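Dropping structure_1.csv in here (CSV, C-alpha atoms):
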chain,number,residue,atom,x,y,z
A,1,MET,CA,8.1,4.4,-28.8
A,2,GLU,CA,4.6,3.4,-27.9
A,3,ILE,CA,3.1,2.0,-24.7
A,4,ARG,CA,1.8,-1.0,-26.8
A,5,GLN,CA,5.4,-1.8,-27.7
A,6,LEU,CA,6.4,-1.9,-24.1
A,7,ARG,CA,3.5,-4.1,-23.1
A,8,TYR,CA,4.3,-6.5,-25.9
A,9,PHE,CA,8.0,-6.5,-25.0
A,10,LYS,CA,7.2,-7.2,-21.3
A,11,GLU,CA,5.0,-10.2,-22.2
A,12,VAL,CA,7.6,-11.7,-24.6
A,13,ALA,CA,10.4,-11.2,-22.0
A,14,GLU,CA,8.4,-12.9,-19.2
A,15,ARG,CA,7.2,-15.8,-21.4
A,16,GLU,CA,10.4,-16.2,-23.5
A,17,HIS,CA,8.1,-17.2,-26.4
A,18,ILE,CA,6.5,-14.9,-29.0
A,19,SER,CA,3.6,-17.2,-29.7
A,20,GLU,CA,2.6,-17.6,-26.1
A,21,ALA,CA,2.9,-13.9,-25.6
A,22,ALA,CA,0.6,-13.3,-28.6
A,23,ILE,CA,-2.0,-15.7,-27.2
A,24,HIS,CA,-2.0,-14.0,-23.8
A,25,LEU,CA,-2.3,-10.5,-25.5
A,26,HIS,CA,-5.1,-11.8,-27.8
A,27,VAL,CA,-3.3,-10.6,-31.0
A,28,ALA,CA,-1.6,-12.2,-33.9
A,29,GLN,CA,1.9,-13.5,-33.6
A,30,SER,CA,3.0,-11.4,-36.5
A,31,ALA,CA,1.8,-8.3,-34.7
A,32,VAL,CA,3.9,-9.0,-31.7
A,33,SER,CA,7.0,-9.8,-33.9
A,34,ARG,CA,6.5,-6.6,-35.8
A,35,GLN,CA,6.2,-4.4,-32.7
A,36,ILE,CA,9.3,-6.0,-31.2
A,37,ALA,CA,11.2,-5.4,-34.4
A,38,ASN,CA,10.1,-1.8,-34.5
A,39,LEU,CA,11.2,-1.3,-30.9
A,40,GLU,CA,14.6,-2.8,-31.6
A,41,ASN,CA,15.1,-0.7,-34.7
A,42,GLU,CA,14.1,2.5,-32.8
A,43,LEU,CA,16.6,1.6,-30.0
A,44,GLY,CA,19.3,0.4,-32.3
A,45,VAL,CA,20.0,-2.7,-30.3
A,46,GLU,CA,18.8,-6.4,-30.2
A,47,LEU,CA,16.6,-7.0,-27.1
A,48,PHE,CA,16.2,-10.7,-27.7
A,49,GLU,CA,18.4,-13.6,-28.6
A,50,ARG,CA,16.6,-16.2,-30.7
A,51,ILE,CA,17.1,-19.7,-29.5
A,52,GLY,CA,15.1,-22.2,-31.6
A,53,ARG,CA,11.4,-21.4,-31.0
A,54,ASN,CA,12.2,-19.5,-27.9
A,55,VAL,CA,13.7,-16.1,-27.2
A,56,LYS,CA,15.9,-14.9,-24.3
A,57,LEU,CA,16.7,-11.3,-23.3
A,58,THR,CA,20.1,-10.0,-24.3
A,59,PRO,CA,22.1,-8.2,-21.6
A,60,ILE,CA,20.9,-4.9,-22.8
A,61,GLY,CA,17.4,-6.4,-23.1
A,62,LYS,CA,17.5,-7.2,-19.3
A,63,ILE,CA,18.4,-3.5,-18.6
A,64,PHE,CA,15.6,-2.3,-20.8
A,65,LEU,CA,13.1,-4.6,-19.2
A,66,GLU,CA,13.8,-3.2,-15.8
A,67,HIS,CA,13.1,0.3,-17.0
A,68,SER,CA,10.1,-0.8,-19.0
A,69,LEU,CA,8.5,-2.3,-16.0
A,70,SER,CA,9.0,0.9,-14.0
A,71,ALA,CA,7.5,2.9,-16.9
A,72,LEU,CA,4.5,0.7,-17.3
A,73,GLN,CA,3.9,0.7,-13.5
A,74,ALA,CA,4.0,4.5,-13.5
A,75,ILE,CA,1.6,4.7,-16.4
A,76,ASP,CA,-0.9,2.3,-14.8
A,77,TYR,CA,-0.6,4.2,-11.5
A,78,ALA,CA,-1.2,7.5,-13.3
A,79,LYS,CA,-4.3,6.1,-15.1
A,80,LYS,CA,-5.6,4.8,-11.8
A,81,GLN,CA,-5.2,8.2,-10.2
A,82,ILE,CA,-7.1,9.9,-13.0
A,83,ASP,CA,-9.9,7.4,-12.7
A,84,GLU,CA,-10.1,8.0,-9.0
A,85,TYR,CA,-10.1,11.8,-9.3
A,86,LEU,CA,-13.1,11.4,-11.5
A,87,ASP,CA,-14.8,9.2,-8.9
A,88,PRO,CA,-12.9,8.6,-5.6
A,89,GLU,CA,-15.8,6.4,-4.4
A,90,LYS,CA,-15.1,3.8,-7.0
A,91,GLY,CA,-11.4,3.4,-6.4
A,92,THR,CA,-9.4,0.3,-5.5
A,93,ILE,CA,-7.1,0.4,-2.4
A,94,LYS,CA,-4.2,-1.9,-2.0
A,95,ILE,CA,-3.2,-2.6,1.6
A,96,GLY,CA,-0.4,-4.6,3.0
A,97,PHE,CA,-0.5,-6.3,6.4
A,98,PRO,CA,1.3,-8.8,8.6
A,99,THR,CA,-0.2,-12.0,10.0
A,100,SER,CA,-0.3,-10.4,13.5
A,101,LEU,CA,-2.8,-7.8,12.4
A,102,ALA,CA,-5.0,-10.0,10.1
A,103,GLY,CA,-7.4,-11.3,12.8
A,104,HIS,CA,-8.8,-8.1,14.3
A,105,LEU,CA,-7.4,-4.8,13.1
A,106,LEU,CA,-7.8,-5.2,9.4
A,107,PRO,CA,-11.4,-6.6,9.2
A,108,THR,CA,-12.5,-4.1,11.9
A,109,VAL,CA,-11.4,-1.0,10.1
A,110,ILE,CA,-12.3,-2.2,6.6
A,111,SER,CA,-15.8,-3.2,7.7
A,112,ALA,CA,-16.3,0.2,9.3
A,113,PHE,CA,-15.0,2.0,6.2
A,114,LYS,CA,-17.2,0.0,3.8
A,115,LYS,CA,-20.3,1.1,5.6
A,116,GLU,CA,-19.5,4.7,4.6
A,117,HIS,CA,-17.9,4.0,1.3
A,118,PRO,CA,-19.5,0.8,-0.1
A,119,ASN,CA,-18.2,1.1,-3.7
A,120,VAL,CA,-14.5,1.2,-2.8
A,121,ALA,CA,-12.7,-2.1,-3.5
A,122,PHE,CA,-9.8,-3.5,-1.7
A,123,GLN,CA,-6.8,-5.6,-2.7
A,124,LEU,CA,-5.1,-7.2,0.4
A,125,ARG,CA,-1.5,-8.4,0.4
A,126,GLN,CA,-0.2,-10.2,3.4
A,127,GLY,CA,3.6,-10.2,3.9
A,128,SER,CA,6.5,-10.1,6.3
A,129,TYR,CA,7.6,-7.0,8.0
A,130,ASP,CA,10.5,-6.2,5.7
A,131,TYR,CA,8.6,-7.2,2.6
A,132,LEU,CA,5.8,-4.7,3.4
A,133,ILE,CA,8.3,-1.9,4.0
A,134,ASP,CA,10.0,-2.6,0.7
A,135,ALA,CA,6.6,-2.9,-1.1
A,136,VAL,CA,5.8,0.6,-0.1
A,137,LYS,CA,9.2,1.9,-1.1
A,138,ASN,CA,9.0,0.1,-4.5
A,139,ARG,CA,5.5,1.4,-5.5
A,140,GLU,CA,3.9,-2.0,-5.1
A,141,ILE,CA,1.5,-0.6,-2.5
A,142,ASN,CA,0.9,2.8,-0.9
A,143,ILE,CA,-0.4,1.8,2.5
A,144,ALA,CA,0.7,-1.0,4.9
A,145,PHE,CA,-0.3,-1.7,8.5
A,146,LEU,CA,2.7,-2.6,10.7
A,147,GLY,CA,3.4,-3.4,14.3
A,148,PRO,CA,5.8,-2.1,15.5
A,149,LEU,CA,6.2,0.9,13.2
A,150,PRO,CA,9.6,1.3,11.7
A,151,PRO,CA,11.6,4.6,12.1
A,152,LYS,CA,10.5,7.3,9.8
A,153,ASP,CA,13.0,8.0,7.1
A,154,TYR,CA,13.4,9.9,3.8
A,155,SER,CA,11.0,7.6,2.0
A,156,ILE,CA,8.4,6.5,4.5
A,157,ASN,CA,5.7,8.3,6.5
A,158,THR,CA,4.6,6.6,9.7
A,159,THR,CA,1.2,7.1,11.5
A,160,ILE,CA,0.7,5.6,15.0
A,161,LEU,CA,-2.8,4.3,15.5
A,162,PHE,CA,-2.3,2.7,19.0
A,163,THR,CA,0.2,1.1,21.4
A,164,GLU,CA,-0.5,-2.3,22.8
A,165,ASN,CA,1.0,-4.6,25.4
A,166,PHE,CA,2.2,-8.2,25.1
A,167,SER,CA,0.9,-11.0,27.3
A,168,VAL,CA,2.2,-14.5,27.9
A,169,LEU,CA,0.1,-17.4,26.6
A,170,ILE,CA,0.7,-20.6,28.6
A,171,PRO,CA,-1.0,-24.0,28.8
A,172,VAL,CA,-3.8,-24.2,31.3
A,173,ASN,CA,-2.0,-26.7,33.5
A,174,HIS,CA,1.2,-24.7,33.7
A,175,PRO,CA,2.5,-23.8,37.2
A,176,LEU,CA,2.1,-20.1,36.4
A,177,ALA,CA,-1.5,-20.4,35.1
A,178,LYS,CA,-3.1,-19.0,38.2
A,179,LYS,CA,-0.9,-15.9,38.4
A,180,GLU,CA,-2.5,-12.5,37.8
A,181,ARG,CA,0.7,-11.1,36.3
A,182,VAL,CA,4.0,-12.5,35.3
A,183,PRO,CA,7.4,-10.8,35.3
A,184,LEU,CA,9.4,-11.6,32.1
A,185,ILE,CA,12.4,-12.8,34.1
A,186,ASP,CA,10.3,-15.6,35.5
A,187,LEU,CA,10.1,-17.1,32.0
A,188,ARG,CA,13.8,-17.5,31.6
A,189,ASN,CA,13.7,-21.3,32.0
A,190,GLU,CA,10.6,-21.9,29.9
A,191,ASP,CA,10.4,-23.5,26.4
A,192,PHE,CA,9.2,-20.8,24.0
A,193,VAL,CA,7.1,-21.2,20.9
A,194,LEU,CA,8.3,-18.5,18.5
A,195,PHE,CA,7.9,-17.1,15.0
A,196,PRO,CA,10.9,-18.1,12.9
A,197,LYS,CA,14.0,-15.9,12.8
A,198,GLY,CA,13.4,-13.0,10.4
A,199,PHE,CA,9.9,-12.3,11.7
A,200,VAL,CA,9.6,-9.0,13.6
A,201,LEU,CA,7.8,-10.7,16.5
A,202,HIS,CA,10.7,-13.1,16.9
A,203,LYS,CA,13.1,-10.2,17.2
A,204,ILE,CA,10.9,-8.3,19.7
A,205,ILE,CA,10.8,-11.3,22.1
A,206,ILE,CA,14.5,-12.1,21.7
A,207,ASP,CA,15.5,-8.5,22.3
A,208,ALA,CA,13.2,-8.2,25.4
A,209,CYS,CA,14.6,-11.4,27.0
A,210,ASN,CA,18.2,-10.4,26.1
A,211,SER,CA,17.7,-7.1,27.9
A,212,LEU,CA,17.1,-9.1,31.1
A,213,GLY,CA,20.2,-11.2,30.5
A,214,PHE,CA,18.8,-14.4,29.1
A,215,THR,CA,18.1,-15.9,25.6
A,216,PRO,CA,14.7,-17.8,25.4
A,217,LYS,CA,14.9,-21.4,24.6
A,218,SER,CA,12.8,-22.1,21.5
A,219,SER,CA,11.3,-25.6,21.4
A,220,SER,CA,9.1,-25.1,18.3
A,221,GLU,CA,8.3,-22.5,15.7
A,222,GLY,CA,5.2,-21.5,13.7
A,223,GLU,CA,4.8,-19.1,10.8
A,224,ASP,CA,1.2,-17.9,11.6
A,225,MET,CA,-0.7,-16.9,14.7
A,226,ASP,CA,-3.0,-19.9,14.8
A,227,ALA,CA,0.0,-22.3,14.5
A,228,ILE,CA,1.7,-20.6,17.4
A,229,LYS,CA,-1.4,-20.7,19.6
A,230,GLY,CA,-2.1,-24.3,18.7
A,231,LEU,CA,1.4,-25.4,19.8
A,232,VAL,CA,0.9,-23.7,23.1
A,233,ALA,CA,-2.5,-25.3,23.5
A,234,ALA,CA,-0.9,-28.7,22.9
A,235,GLY,CA,1.5,-28.1,25.8
A,236,ILE,CA,4.6,-27.7,23.6
A,237,GLY,CA,5.7,-24.4,25.3
A,238,ILE,CA,4.7,-20.8,26.0
A,239,THR,CA,4.7,-17.7,23.8
A,240,LEU,CA,4.4,-13.9,24.0
A,241,LEU,CA,1.9,-12.2,21.8
A,242,PRO,CA,0.4,-8.8,21.3
A,243,ASP,CA,-2.9,-8.3,23.1
A,244,SER,CA,-4.8,-7.5,19.9
A,245,THR,CA,-4.2,-11.1,18.7
A,246,PHE,CA,-6.5,-12.3,21.6
A,247,TYR,CA,-9.4,-10.0,20.8
A,248,ASP,CA,-11.8,-12.7,19.6
A,249,SER,CA,-10.9,-15.4,22.0
A,250,ILE,CA,-8.2,-17.2,23.9
A,251,PRO,CA,-7.5,-20.7,22.6
A,252,ARG,CA,-8.8,-23.6,24.5
A,253,PHE,CA,-6.5,-25.2,27.1
A,254,THR,CA,-4.5,-22.0,27.4
A,255,VAL,CA,-4.4,-19.0,29.7
A,256,LYS,CA,-3.4,-15.4,28.8
A,257,ILE,CA,-1.5,-13.5,31.6
A,258,PRO,CA,-0.3,-9.9,31.4
A,259,LEU,CA,3.5,-9.3,31.5
A,260,TYR,CA,5.3,-6.8,33.6
A,261,SER,CA,8.7,-5.8,34.9
A,262,PRO,CA,9.2,-4.6,32.2
A,263,PRO,CA,6.0,-4.4,30.3
A,264,LEU,CA,6.5,-5.4,26.6
A,265,GLN,CA,4.8,-3.1,24.1
A,266,ARG,CA,4.6,-2.3,20.4
A,267,THR,CA,3.3,0.6,18.3
A,268,VAL,CA,0.8,-0.3,15.6
A,269,GLY,CA,0.1,2.0,12.7
A,270,MET,CA,0.3,2.7,9.0
A,271,ILE,CA,3.2,3.5,6.7
A,272,SER,CA,2.9,5.4,3.4
A,273,PRO,CA,5.4,6.8,0.9
A,274,VAL,CA,7.0,10.2,1.3
A,275,THR,CA,7.9,10.5,-2.4
A,276,ARG,CA,4.5,10.1,-4.0
A,277,ASP,CA,0.9,11.1,-3.1
A,278,LEU,CA,-1.8,8.7,-2.1
A,279,SER,CA,-4.6,8.3,-4.6
A,280,PRO,CA,-7.9,10.0,-3.6
A,281,SER,CA,-9.5,6.8,-2.3
A,282,GLU,CA,-6.3,5.9,-0.4
A,283,LYS,CA,-6.3,9.3,1.2
A,284,VAL,CA,-9.9,8.9,2.2
A,285,PHE,CA,-9.1,5.5,3.7
A,286,HIS,CA,-6.0,6.8,5.5
A,287,ASP,CA,-7.8,9.7,7.1
A,288,PHE,CA,-10.8,7.5,8.0
A,289,THR,CA,-8.5,5.0,9.7
A,290,VAL,CA,-6.7,7.7,11.8
A,291,LYS,CA,-10.1,9.1,13.0
A,292,PHE,CA,-11.5,5.7,13.6
A,293,PHE,CA,-8.7,4.7,16.0
A,294,LYS,CA,-8.6,8.1,17.6
A,295,LEU,CA,-12.3,7.7,18.6
A,296,LEU,CA,-11.7,4.0,19.6
A,297,ASN,CA,-8.8,5.0,21.9
A,298,GLN,CA,-11.0,7.6,23.6
A,299,TYR,CA,-13.5,5.0,24.7
A,300,GLN,CA,-10.9,2.5,26.0
Show me this structure written as structure tokens.
Amino acid sequence: MEIRQLRYFKEVAEREHISEAAIHLHVAQSAVSRQIANLENELGVELFERIGRNVKLTPIGKIFLEHSLSALQAIDYAKKQIDEYLDPEKGTIKIGFPTSLAGHLLPTVISAFKKEHPNVAFQLRQGSYDYLIDAVKNREINIAFLGPLPPKDYSINTTILFTENFSVLIPVNHPLAKKERVPLIDLRNEDFVLFPKGFVLHKIIIDACNSLGFTPKSSSEGEDMDAIKGLVAAGIGITLLPDSTFYDSIPRFTVKIPLYSPPLQRTVGMISPVTRDLSPSEKVFHDFTVKFFKLLNQYQ
């Protein structure tokens, strides 16, 4: 069995058409058909069912595809590691991140890292909290920034970078706008603007309010930070956000006020896999990020 056969098989399986797969692979259709036939003969099973000009995976073909994708991913990862061991300064680092860390944390640390390692490239993948955890577990990425950090388990390492407070963001003409601090219980009758259910920031706010005996009324929802802030600026309601999301500026027509009694906090950090090593360039970036925030925290 050859790697080439697995790559041809993958393309045909995904496109369900031998000619289209051949065009994408830049080879003759006959070459693809021959390699698929050789693979089926070697395995002793039919991987595809021919339907007119198209093909579809047989039940055993679907099983073989799942294992083929894992094998190809492992081979590509191994080649990437070899390339980076030869020259760690020319590696590519894949990083996952949620929307709440996109505005300040990610550009800050990458900009600082690039000054010392200008030839390292980045591939950035934004996703939800659960998606990023699964992506690290499933070998799609090796490093993801998260806030809050999930519990460490058998498959994930966690590294805390800092802990931050939440503040309430309210319209500038709100009765609480002139307060220096606001206890969370005082917001029990307010209309909240929240991330949708399933977002970790939604859960953090709901759990904090429930701990004080009330469930926040949600008037509107937004799936990104700018949308949430925009709805508050429009007077639709109030929201609770981590302080790092206000680093650049506070939106016009709004006021940011610290919360207390109890203070609401989250940890922010990185997750990485327990079951596999970081590539050389990923290890350099991981160690750099830990040192970067350690120094940053000392001066704050």
Residues at most 9 Å from Met1 of chain A, counting only C-alpha atoms, excluding those fewer than 3 positions away in the same chain, as number ranges by chain?
-> A: 4-6, 38-39, 42
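What separates atom CA of Glu221 of chain A from atom CA of Leu240 of chain A is a distance of 12.6 Å.
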Excluding same-chain residues fewer than 6 positions from segment 272-280 of chain A, what lies within 12 Å of it counting only C-alpha atoms, as JSON, numbers by chain?
-> {"A": [74, 77, 78, 79, 80, 81, 82, 83, 84, 85, 86, 87, 88, 89, 90, 91, 92, 93, 94, 95, 96, 120, 132, 133, 134, 135, 136, 137, 138, 139, 140, 141, 142, 143, 144, 145, 146, 149, 150, 152, 153, 154, 155, 156, 157, 158, 159, 160, 286, 287]}
So which residues touch segment 10-27 of chain A within 7 Å, counting all atoms listed in the file, skipping near sequence neighbours fewer than 3 positions away, as a ChimeraX atom specification?
-> /A:6-7,31-32,54-57,65
So what do you get for atom CA of Gln298 of chain A versus atom CA of Leu184 of chain A, distance-wise?
->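 For atom CA of Gln298 of chain A relative to atom CA of Leu184 of chain A, the distance reads 29.3 Å.
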Excluding Leu176 of chain A and any residue of its chain fewer than 5 positions from it, enumerate the residues within 9 Å of it, using all atoms listed in the file, and give them as an mmCIF file with C-alpha atoms, in the coordinates of the input.
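part.cif written:
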data_model
loop_
_atom_site.group_PDB
_atom_site.id
_atom_site.type_symbol
_atom_site.label_atom_id
_atom_site.label_comp_id
_atom_site.auth_asym_id
_atom_site.auth_seq_id
_atom_site.Cartn_x
_atom_site.Cartn_y
_atom_site.Cartn_z
ATOM 1 C CA ILE A 170 0.700 -20.600 28.600
ATOM 2 C CA VAL A 182 4.000 -12.500 35.300
ATOM 3 C CA ILE A 257 -1.500 -13.500 31.600
#
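Taking atom CA of Leu187 of chain A as the reference point, atom CA of Ile204 of chain A is found at 15.1 Å.
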Give me the residues within 12 Å of Ser249 of chain A as JSON, numbers by chain, counting all atoms listed in the file and dropping any in the same chain fewer than 5 places off.
-> {"A": [103, 104, 226, 229, 243, 244, 254, 255, 256]}
Among the residues A:Lys115, A:Arg34, A:Lys217, A:His67, the one that comes closest to Val193 of chain A [using only C-alpha atoms] =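 Closest residue, counting only C-alpha atoms: A:Lys217.
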Which of these, A:Tyr299, A:Pro263, A:Asn41, A:Gly222, has the shortest distance to Phe195 of chain A once you count only C-alpha atoms?
->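 Among A:Tyr299, A:Pro263, A:Asn41, A:Gly222, it is A:Gly222 that comes nearest to Phe195 of chain A.
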The residue from A:Pro107, A:Gly61, A:Gly52, A:Pro148 with the smallest atom-to-atom distance to Glu40 of chain A, counting only C-alpha atoms, is A:Gly61
With distances taken over only C-alpha atoms, the candidate from A:Leu72, A:Ile238, A:Ala208, A:Leu296 nearest Asp191 of chain A is A:Ile238
Identify the residues within 6 Å of coordinate (0.2, -6.7, 1.0) (same frame as the file), considering all atoms listed in the file, and give the answer as a ChimeraX atom specification.
-> /A:95-97,124-127
Keeping only C-alpha atoms, write the selected residues to a file as a PDB file, keeping the file's coordinate frame.
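selection.pdb written:
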ATOM      1  CA  ILE A  95      -3.200  -2.600   1.600  1.00  0.00           C
ATOM      2  CA  GLY A  96      -0.400  -4.600   3.000  1.00  0.00           C
ATOM      3  CA  PHE A  97      -0.500  -6.300   6.400  1.00  0.00           C
ATOM      4  CA  LEU A 124      -5.100  -7.200   0.400  1.00  0.00           C
ATOM      5  CA  ARG A 125      -1.500  -8.400   0.400  1.00  0.00           C
ATOM      6  CA  GLN A 126      -0.200 -10.200   3.400  1.00  0.00           C
ATOM      7  CA  GLY A 127       3.600 -10.200   3.900  1.00  0.00           C
TER       8      GLY A 127
END
Among listed residues A:Ser220, A:Phe162, A:Gly269, A:Thr99, nearest Ser128 of chain A (using all atoms listed in the file) |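 That would be A:Thr99, the residue with the smallest distance to Ser128 of chain A.
Nearest to Phe288 of chain A of all the residues A:Ala177, A:Val109, A:Ser218, A:Val268 is A:Val109, counting all atoms listed in the file.
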Would you kindly identify which residues have an atom no farther than 12 Å from (7.5, -1.0, 32.7), using all atoms listed in the file and the file's own coordinates, and write them out as a short mmCIF file (atom, residue, chain, number, x, y, z; two decimals) with C-alpha atoms, keeping the file's coordinate frame?
data_model
loop_
_atom_site.label_atom_id
_atom_site.label_comp_id
_atom_site.auth_asym_id
_atom_site.auth_seq_id
_atom_site.Cartn_x
_atom_site.Cartn_y
_atom_site.Cartn_z
CA ASN A 165 1.00 -4.60 25.40
CA PHE A 166 2.20 -8.20 25.10
CA PRO A 183 7.40 -10.80 35.30
CA LEU A 184 9.40 -11.60 32.10
CA ALA A 208 13.20 -8.20 25.40
CA PRO A 258 -0.30 -9.90 31.40
CA LEU A 259 3.50 -9.30 31.50
CA TYR A 260 5.30 -6.80 33.60
CA SER A 261 8.70 -5.80 34.90
CA PRO A 262 9.20 -4.60 32.20
CA PRO A 263 6.00 -4.40 30.30
CA LEU A 264 6.50 -5.40 26.60
CA GLN A 265 4.80 -3.10 24.10
#
Got a minute to add N, CA, C and O atoms to segment 6-22 of chain A and dump it as a PDB file, in the coordinates of the input?
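Written output follows (part24.pdb):
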ATOM      1  N   LEU A   6       5.908  -1.465 -25.376  1.00  0.00           N
ATOM      2  CA  LEU A   6       6.400  -1.900 -24.100  1.00  0.00           C
ATOM      3  C   LEU A   6       5.665  -3.016 -23.472  1.00  0.00           C
ATOM      4  O   LEU A   6       6.251  -3.930 -22.862  1.00  0.00           O
ATOM      5  N   ARG A   7       4.348  -3.013 -23.645  1.00  0.00           N
ATOM      6  CA  ARG A   7       3.500  -4.100 -23.100  1.00  0.00           C
ATOM      7  C   ARG A   7       3.834  -5.418 -23.856  1.00  0.00           C
ATOM      8  O   ARG A   7       3.922  -6.481 -23.242  1.00  0.00           O
ATOM      9  N   TYR A   8       3.972  -5.332 -25.166  1.00  0.00           N
ATOM     10  CA  TYR A   8       4.300  -6.500 -25.900  1.00  0.00           C
ATOM     11  C   TYR A   8       5.701  -7.042 -25.525  1.00  0.00           C
ATOM     12  O   TYR A   8       5.916  -8.249 -25.358  1.00  0.00           O
ATOM     13  N   PHE A   9       6.644  -6.115 -25.391  1.00  0.00           N
ATOM     14  CA  PHE A   9       8.000  -6.500 -25.000  1.00  0.00           C
ATOM     15  C   PHE A   9       8.004  -7.172 -23.624  1.00  0.00           C
ATOM     16  O   PHE A   9       8.676  -8.197 -23.432  1.00  0.00           O
ATOM     17  N   LYS A  10       7.242  -6.642 -22.690  1.00  0.00           N
ATOM     18  CA  LYS A  10       7.200  -7.200 -21.300  1.00  0.00           C
ATOM     19  C   LYS A  10       6.640  -8.661 -21.410  1.00  0.00           C
ATOM     20  O   LYS A  10       7.192  -9.566 -20.760  1.00  0.00           O
ATOM     21  N   GLU A  11       5.589  -8.905 -22.167  1.00  0.00           N
ATOM     22  CA  GLU A  11       5.000 -10.200 -22.200  1.00  0.00           C
ATOM     23  C   GLU A  11       5.976 -11.235 -22.871  1.00  0.00           C
ATOM     24  O   GLU A  11       6.122 -12.370 -22.398  1.00  0.00           O
ATOM     25  N   VAL A  12       6.648 -10.833 -23.935  1.00  0.00           N
ATOM     26  CA  VAL A  12       7.600 -11.700 -24.600  1.00  0.00           C
ATOM     27  C   VAL A  12       8.776 -12.025 -23.636  1.00  0.00           C
ATOM     28  O   VAL A  12       9.239 -13.163 -23.522  1.00  0.00           O
ATOM     29  N   ALA A  13       9.243 -10.999 -22.928  1.00  0.00           N
ATOM     30  CA  ALA A  13      10.400 -11.200 -22.000  1.00  0.00           C
ATOM     31  C   ALA A  13      10.011 -12.133 -20.877  1.00  0.00           C
ATOM     32  O   ALA A  13      10.833 -12.966 -20.479  1.00  0.00           O
ATOM     33  N   GLU A  14       8.804 -12.032 -20.354  1.00  0.00           N
ATOM     34  CA  GLU A  14       8.400 -12.900 -19.200  1.00  0.00           C
ATOM     35  C   GLU A  14       8.115 -14.307 -19.661  1.00  0.00           C
ATOM     36  O   GLU A  14       8.344 -15.249 -18.906  1.00  0.00           O
ATOM     37  N   ARG A  15       7.617 -14.492 -20.900  1.00  0.00           N
ATOM     38  CA  ARG A  15       7.200 -15.800 -21.400  1.00  0.00           C
ATOM     39  C   ARG A  15       8.314 -16.498 -22.219  1.00  0.00           C
ATOM     40  O   ARG A  15       8.256 -17.712 -22.447  1.00  0.00           O
ATOM     41  N   GLU A  16       9.265 -15.689 -22.681  1.00  0.00           N
ATOM     42  CA  GLU A  16      10.400 -16.200 -23.500  1.00  0.00           C
ATOM     43  C   GLU A  16       9.862 -16.939 -24.734  1.00  0.00           C
ATOM     44  O   GLU A  16      10.478 -17.893 -25.196  1.00  0.00           O
ATOM     45  N   HIS A  17       8.717 -16.497 -25.244  1.00  0.00           N
ATOM     46  CA  HIS A  17       8.100 -17.200 -26.400  1.00  0.00           C
ATOM     47  C   HIS A  17       7.116 -16.200 -27.035  1.00  0.00           C
ATOM     48  O   HIS A  17       6.169 -15.743 -26.388  1.00  0.00           O
ATOM     49  N   ILE A  18       7.328 -15.904 -28.310  1.00  0.00           N
ATOM     50  CA  ILE A  18       6.500 -14.900 -29.000  1.00  0.00           C
ATOM     51  C   ILE A  18       5.061 -15.415 -29.158  1.00  0.00           C
ATOM     52  O   ILE A  18       4.100 -14.670 -28.949  1.00  0.00           O
ATOM     53  N   SER A  19       4.902 -16.674 -29.527  1.00  0.00           N
ATOM     54  CA  SER A  19       3.600 -17.200 -29.700  1.00  0.00           C
ATOM     55  C   SER A  19       2.733 -17.201 -28.463  1.00  0.00           C
ATOM     56  O   SER A  19       1.551 -16.829 -28.466  1.00  0.00           O
ATOM     57  N   GLU A  20       3.335 -17.606 -27.352  1.00  0.00           N
ATOM     58  CA  GLU A  20       2.600 -17.600 -26.100  1.00  0.00           C
ATOM     59  C   GLU A  20       2.258 -16.189 -25.652  1.00  0.00           C
ATOM     60  O   GLU A  20       1.177 -15.951 -25.097  1.00  0.00           O
ATOM     61  N   ALA A  21       3.163 -15.252 -25.901  1.00  0.00           N
ATOM     62  CA  ALA A  21       2.900 -13.900 -25.600  1.00  0.00           C
ATOM     63  C   ALA A  21       1.695 -13.357 -26.411  1.00  0.00           C
ATOM     64  O   ALA A  21       0.810 -12.653 -25.909  1.00  0.00           O
ATOM     65  N   ALA A  22       1.665 -13.723 -27.705  1.00  0.00           N
ATOM     66  CA  ALA A  22       0.600 -13.300 -28.600  1.00  0.00           C
ATOM     67  C   ALA A  22      -0.760 -13.853 -28.117  1.00  0.00           C
ATOM     68  O   ALA A  22      -1.784 -13.157 -28.128  1.00  0.00           O
TER      69      ALA A  22
END
